[in-house]
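**Student:** This is the structure I have questions about; it appears just below.
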Amino acid sequence: MSNHKPIVTYCGDEALFSALSAGLTCALPKEEVEWRRSYGRVPKTVNLDVIFIKFSVECLPKHPNLSVLDQPVFHIFWTDCSDIDIYRATTKDEISNWHTTLRNNGIIDWLIVVVLNSDSKRGKKSNILPRTSVVDKVKGDFCSKQNDRCFVLHEPFRSDVKSAESWQTFLQRLRHLILQGLNRNLSHFEENMRSQREKRTEPGWSFCNYFMLQEELAMVFEMMGQFEDALVQYDELDALFTQYVVNCSAGDMADWMVSFMRPCVCWDGLTLSPDLRYAKRENIQQAQSHLLDFRNYLFACQVALILKLQRPWEVAQRSLPFMHNCVNELCLLEIAMPRGSVSCWVFLSCLEVLDTCENYSNLVEFETYSLHTVSLWNYARIKLHELGELCGLMPDTESTSDQLHMVVDLLAGMGQTQSGNSGKPGPMDKLREALSSKESFKKHYLELSELAMGTFKHLGRLRNARLIGIELAAFFMKLGELYMAENYLLEALKMYKNEGWDLLATTTYISLAECHKKQKNTFKYVKACTHVTSSCVIDGDTRNHYFDELISAAQLLDKTVRIRAEHIFALSKMDVTAANGIILGDEVTVDFCIISRLPSDVMCNIACSLLHTAFEGQSDDGERPSSRTTSRSASQSSMGSMGSFMDSLSLSNSRSKMLPGNLIRKPKLRIQETIDEATGTAYVVCRNASAVLERMDSHPSLIQKDTDATKEDFVCCLQAAAIVLHPGSNLVPLKVKPEAKGNYALKQVCIEISSMEFLQWVTVPKCFDVICDEPSVSLTPDAGLLAGIVQNVELRIDSGSHGLVEGLVIKMVVSTGLSVQMKTSAATVLAETEDSLRVQLPAVSPGGSIVLPLDIVAALDSHRKHKIMLFCAWSSAPYEFLLSLRSPFTISHSLHTAGQQKFLQVLLHGECAESFSVVQPQLYVLDTDAITVTSINIPDQIGVINKEQNISFMWKLNLDPQQDPDVLPLQFTVIYKRLKEEEEVVRPSRKCTYSVSLANYKTLYSVTSHVEPASGVTFCRAGHMCRLHVQIAMMFTTTDVSLMYEVIADQPMWAVCGRTAGIIMVKEDSVNQVSLDVMPLVGGYLPVPEVKLSKYIREERRDSETENSEQHDLPPAQSSTPRGAFSGKQSPAHCLPPVPRQESFSKGQVYNKSQAMQVHVLPASNTSSLELGGHVVV
């Protein structure tokens, strides 16, 4: 049936057709042709392959609407007649009879082929017109209205171009006409099929007859290579039959349904072999098919089309819903079948589909095809397990005679199909072998289970794999292989615990408990019982039973078993009872709120280990370090913070590794955002990426193992004995008496019941501080102080944990330049000197403090860093306090010159926000009486200075040219005090002294410069050359007579023409003049270019060098040293010429009389001149 092809008849010259049939049959399917169907359906491209049969009246369709496959769709008449006479005598009658027969049967799909051979063109040339040819006669007699029904085939037996073109044209015409005929027959068939479907509600309608009609349509599509359309027809039949089954279950049963509901005597399973599949079609056509036979045949047809579409994975995808649907229909229709027969049918069908998929699949499609075949493996495993229980093949049962008879009956009902392929055992062989003995059943069951479970794991469907593992665990427990059962149960337990399936996890724990009990492993049995008895998702009787088992098994333990307590006991709250603080030696009580999930009361001992951490700076022996630069306050809270607790957890790597993962808190992300408004972009940076980013385990453990229940060191712990825990919440006080000060963090709780220890980490950070602080000292403020005035500071003494007794003496020693006084009656001053102070303290209660106010004064001229050392009786090392004091103002001076006269200016700069008044400024000349000073300040003036206001004073120096010293020492004094009323009354004024030393202060030279316009011009004009005259005069006799002058002009204003520097020799009582050409560049009042003088010192050789040179002077002819070189004994510097140098004058030695002088320069003229032919045009 799969080899159906369209049927085409031939008539006429059989010898001619026989010669052309082989080539025609091979050439037709080589090229694709477009198949256009009716009702606007999408055109399809097909390869047309036909079967040629001889024309006869019997082959013509009797009922054209009932079949397509067995009826011819096209008819061809062949002739090679080329003679008119022969045509009129015989050929015309043959064609006429053939054509009349077709017309009488209503057939319009025909074609007359006239073959023109080379023999027909031989002979004499005829005078007959071309219209009298055989071809024209045929067209005129039979094809007058349908010219395309006659085709002239030119010399098909030759191999020239014209013959090839004629052959190809004939093939195209024939393909098109055959498809037209097929379309016409197919349309009539589809109309009849639709009319039959509309009659399905009428009495006497048969589904089997309609099934044969629509299946023939599917076969036509399959014949044309349209497998997808053929599959749609079978799917429609499947859906229609399913709807009838549903209606039948609801009470609306069709008459023809009774034939499908006969008792089933054969459950062979699916048969996907074409030969065996087509044998069942006759039973369906005769309405003698059973429901399973019909379903097997329909699904086998669908599978055949799917495999032709190269989609073997879709076969597996459709198989499982098909089998579930068949089993459901058997139940709905209540079809009588022996027990186990359905399981046999499902098992055989699964293996048949799996074998077929394996034959058609490759490694590339393994993932796609395994995704659907894994469910078939699992379904086959389930049905084999059902057969094993029915037939007594399970390990813990023995087969009875009834079960043996059942096996024989089941095997007898599946012997109608062939089994095996090329020596390979088929599904029926495997099932026969599996039902033959327990060992064979075990082998096949475990093989199917491993295949299904392994494929589930490969696909990532772990839940399905774990479910199979639980069933395997039960099977192995029946076999007595408890180790294998335990492994499967533990794997399932991990998944249930990780995903939060509490009921499933508890059920698995019950199975584990039974497994451990059979193993006689009391250690593991106790652990499993604790999980079951503490579960809240099962009934109370089961919990009480396993609680009794737990207590009984615990008494049989020969060693202590440690169990994690999170699932049995919960710590809801922990409170430390401490009023103001915990002092070393006090008893600490921590109230624990423990929630017991056990179903009954239990007596136990409870302890909680403590993690002790010494305070920062505390030595190993518990004492404070000797350094007293910084001190810890004793007024801290007894309850530690989160930070101190987390610091205690990071004592060492070895101890931190012992903590559970949920106790060590991960650092939080520190995100910094940066927004660039110019570009409109934002940046996010993680500041602690190295701390928050860490490598994750690629295979993390789903639940914590029992080996994680490690017990901490309970040397230092809170504890309580003989405590009765009731089901629910219990308040239990635990006590401890710390033996060392520091931070104590609650780490692990241990609840001891009989030989069991339930351990639980304290996940919520909880800690407390045990303090025993020594007295501490602090000085405030220690910065922002001013020197030269009284500053108030406070010395604070904290008593610590035990307080201070009355009569303790402290001694205070200060550095040089600093004085201290105490102004309080709280303490008694025993002795007071310039640099020390002894004070007797009163009694101070524990945790209290005493504040001693101090007045300190630092000299202005002393260094800014001062130290105060405090010696106390409770400390072997002194406390050191560093003070930083800054001056309230600074003093500077400046020397001014006016010819030979000198003026000294003293400037006071404020350095702080406070205001100070200064009075009585005085300037003294030291070490000489020849020079006096004259004040030009306002008498009795009160000046005010601060950070925003300065003040200056001026004196004239009365110099004597005959007795002026080279260095003039001076001293400036002023009286200052703060501008506050209370300070004016209480604090006296203070004097500030400032020393000045003047050197090289005498005026040696004067410089006068002016600018004149060029000769003949009245004013200076921009852009025109001018003359700069410089006059240099000696005002005081000096040895520095060789001077160098430099003209420094502002480049945007002046341009100096020629050299801007030169050397002159100045003589006493004479004026030296220098003239330079300068050009103003802009107009306006321009400053006169500055002239700078400096000493010009000519460098001369030393006398020793000169003498050495004279001693070794040789004539050029007698010198042994070549020119440009020097001997080893002689330095290269001796051969270099003397280099002059320049040295600047000190401030005040050169007086510039023309400083700040300006010259009026007119702007440049806007007129210009042009010389043309000897004439100047302006």
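Going through the structure tokens in order, the chains are called A, B, and so on, while each chain numbers its residues from 1 and the ligands are numbered from 1 in the order shown.
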List the spatial neighbours of Arg463 in chain A as a short mmCIF file (atom, residue, chain, number, x, y, z; two decimals) with C-alpha atoms, in the first residue's frame - criterion: any atom at most 12 Å away, only C-alpha atoms, same-chain residues fewer than 5 positions off excluded.

**Tutor:**
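Writing the result to around26.cif gives the following:
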```cif
data_model
loop_
_atom_site.label_atom_id
_atom_site.label_comp_id
_atom_site.auth_asym_id
_atom_site.auth_seq_id
_atom_site.Cartn_x
_atom_site.Cartn_y
_atom_site.Cartn_z
CA MET A 453 17.49 7.14 36.16
CA PHE A 456 16.95 11.67 33.88
CA LYS A 457 20.21 12.74 35.50
CA ILE A 468 13.21 6.15 40.84
CA GLY A 469 15.96 5.93 43.45
CA ILE A 470 13.39 5.69 46.25
CA GLU A 491 20.31 11.13 47.69
CA ALA A 492 16.55 11.63 47.76
CA LEU A 493 16.75 13.11 51.25
CA LYS A 494 19.25 15.71 50.11
CA MET A 495 16.94 16.88 47.36
CA TYR A 496 13.87 17.03 49.63
CA ASN A 498 17.16 21.43 49.81
CA GLU A 499 13.80 22.10 48.16
CA TRP A 501 9.63 19.10 50.96
CA LEU A 504 8.67 13.78 51.75
#
```

**Student:** Please list as a list in words every residue within 10 Å of Lys5 in chain A, counting only C-alpha atoms and excluding residues in the same chain fewer than 6 positions away.

**Tutor:**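 That gives Leu48, Asp49, Val50, Ile51, Phe52, Leu69, Asp70, Pro72, Met219, Val220, Glu222, Met223 and Met224 of chain A.
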
**Student:** Can you spit out the residues from that selection as a compact mmCIF listing (two decimals), in the first residue's frame, using all heavy atoms?

**Tutor:**
```txt
# COMPACT_ATOMS: atom_id res chain seq x y z
N LEU A 48 6.31 13.62 -9.71
CA LEU A 48 5.23 12.78 -10.21
C LEU A 48 5.79 11.47 -10.76
O LEU A 48 6.59 11.46 -11.70
CB LEU A 48 4.46 13.53 -11.31
CG LEU A 48 3.19 12.87 -11.81
CD1 LEU A 48 2.19 12.70 -10.66
CD2 LEU A 48 2.57 13.70 -12.93
N ASP A 49 5.38 10.37 -10.14
CA ASP A 49 5.77 9.03 -10.57
C ASP A 49 4.49 8.22 -10.80
O ASP A 49 3.65 8.11 -9.88
CB ASP A 49 6.65 8.37 -9.52
CG ASP A 49 7.31 7.10 -10.05
OD1 ASP A 49 7.15 6.81 -11.25
OD2 ASP A 49 7.97 6.41 -9.24
N VAL A 50 4.29 7.68 -11.99
CA VAL A 50 3.03 7.05 -12.35
C VAL A 50 3.26 5.59 -12.75
O VAL A 50 4.39 5.15 -12.98
CB VAL A 50 2.33 7.81 -13.50
CG1 VAL A 50 2.05 9.24 -13.10
CG2 VAL A 50 3.19 7.77 -14.77
N ILE A 51 2.12 4.86 -12.90
CA ILE A 51 2.11 3.48 -13.39
C ILE A 51 1.26 3.45 -14.67
O ILE A 51 0.13 3.95 -14.68
CB ILE A 51 1.53 2.51 -12.36
CG1 ILE A 51 2.38 2.53 -11.08
CG2 ILE A 51 1.46 1.10 -12.92
CD1 ILE A 51 1.81 1.68 -9.97
N PHE A 52 1.81 2.89 -15.75
CA PHE A 52 1.10 2.79 -17.03
C PHE A 52 0.47 1.39 -17.14
O PHE A 52 1.15 0.37 -16.93
CB PHE A 52 2.05 3.02 -18.20
CG PHE A 52 2.53 4.45 -18.31
CD1 PHE A 52 3.74 4.85 -17.75
CD2 PHE A 52 1.75 5.40 -18.96
CE1 PHE A 52 4.17 6.16 -17.85
CE2 PHE A 52 2.18 6.72 -19.06
CZ PHE A 52 3.40 7.11 -18.49
N LEU A 69 -7.18 5.72 -5.49
CA LEU A 69 -5.94 4.96 -5.68
C LEU A 69 -6.08 3.88 -6.75
O LEU A 69 -5.15 3.65 -7.53
CB LEU A 69 -5.50 4.33 -4.35
CG LEU A 69 -5.12 5.32 -3.24
CD1 LEU A 69 -4.84 4.56 -1.96
CD2 LEU A 69 -3.92 6.14 -3.64
N ASP A 70 -7.22 3.19 -6.82
CA ASP A 70 -7.37 2.05 -7.71
C ASP A 70 -7.94 2.44 -9.07
O ASP A 70 -8.25 1.55 -9.88
CB ASP A 70 -8.28 1.01 -7.05
CG ASP A 70 -7.69 0.50 -5.75
OD1 ASP A 70 -6.44 0.52 -5.63
OD2 ASP A 70 -8.45 0.12 -4.85
N PRO A 72 -7.72 4.82 -12.77
CA PRO A 72 -6.81 5.64 -13.58
C PRO A 72 -7.24 7.10 -13.56
O PRO A 72 -8.43 7.42 -13.52
CB PRO A 72 -6.92 5.04 -14.98
CG PRO A 72 -8.24 4.35 -15.00
CD PRO A 72 -8.50 3.86 -13.59
N MET A 219 -3.46 8.32 2.14
CA MET A 219 -2.56 7.56 1.28
C MET A 219 -2.25 8.31 -0.01
O MET A 219 -1.14 8.20 -0.55
CB MET A 219 -3.19 6.20 0.97
CG MET A 219 -3.25 5.26 2.16
SD MET A 219 -4.03 3.69 1.73
CE MET A 219 -3.91 2.82 3.29
N VAL A 220 -3.25 9.07 -0.52
CA VAL A 220 -2.99 9.89 -1.71
C VAL A 220 -1.92 10.93 -1.42
O VAL A 220 -0.99 11.14 -2.22
CB VAL A 220 -4.30 10.53 -2.21
CG1 VAL A 220 -4.00 11.54 -3.32
CG2 VAL A 220 -5.26 9.47 -2.71
N GLU A 222 0.32 10.75 0.89
CA GLU A 222 1.57 10.03 1.07
C GLU A 222 2.15 9.63 -0.29
O GLU A 222 3.36 9.67 -0.50
CB GLU A 222 1.34 8.80 1.93
CG GLU A 222 2.59 8.02 2.24
CD GLU A 222 2.33 6.82 3.12
OE1 GLU A 222 1.13 6.61 3.49
OE2 GLU A 222 3.27 6.08 3.43
N MET A 223 1.27 9.24 -1.21
CA MET A 223 1.72 8.86 -2.56
C MET A 223 2.36 10.06 -3.26
O MET A 223 3.35 9.90 -3.98
CB MET A 223 0.51 8.37 -3.35
CG MET A 223 0.77 8.10 -4.82
SD MET A 223 -0.74 7.64 -5.67
CE MET A 223 -1.65 9.18 -5.63
N MET A 224 1.86 11.27 -3.02
CA MET A 224 2.40 12.47 -3.66
C MET A 224 3.57 13.05 -2.88
O MET A 224 4.09 14.11 -3.24
CB MET A 224 1.29 13.51 -3.80
CG MET A 224 0.10 13.06 -4.63
SD MET A 224 0.58 12.59 -6.30
CE MET A 224 1.11 14.16 -6.94
```

**Student:** Run DSSP on the backbone and grab whatever in range 872-997 of chain A lands in helix (DSSP H, G or I); send it over as a list in words.

**Tutor:** Glu981, Glu982, Glu983, Glu984, Val985 and Val986 of chain A

**Student:** Give me every strand (DSSP E or B) residue in range 1037-1106 of chain A, going by DSSP on the backbone, as an NGL selection string.

**Tutor:** :A and (1042-1048 or 1054-1057 or 1061-1065 or 1071-1080 or 1084-1087 or 1090-1097)

**Student:** Just the residues within 10 Å of Ser56 in chain A, please, counting only C-alpha atoms, with nothing from its chain fewer than 6 positions along; format it as a count of residues only.

**Tutor:** 5

**Student:** One decimal, Å: what's the distance from CA of His1010 in chain A over to CA of Val1159 in chain A, could you say?

**Tutor:**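 Straight-line distance from CA of His1010 in chain A to CA of Val1159 in chain A works out to 8.1 Å.
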
**Student:** Would you kindly return, as an NGL selection string, each protein, DNA or RNA residue with an atom no farther than 12 Å from any atom of Tyr483 in chain A, considering only C-alpha atoms and excluding same-chain residues fewer than 4 positions away?

**Tutor:** :A and (472-474 or 476-477 or 479 or 487-490 or 512 or 515-516 or 518-519 or 521)
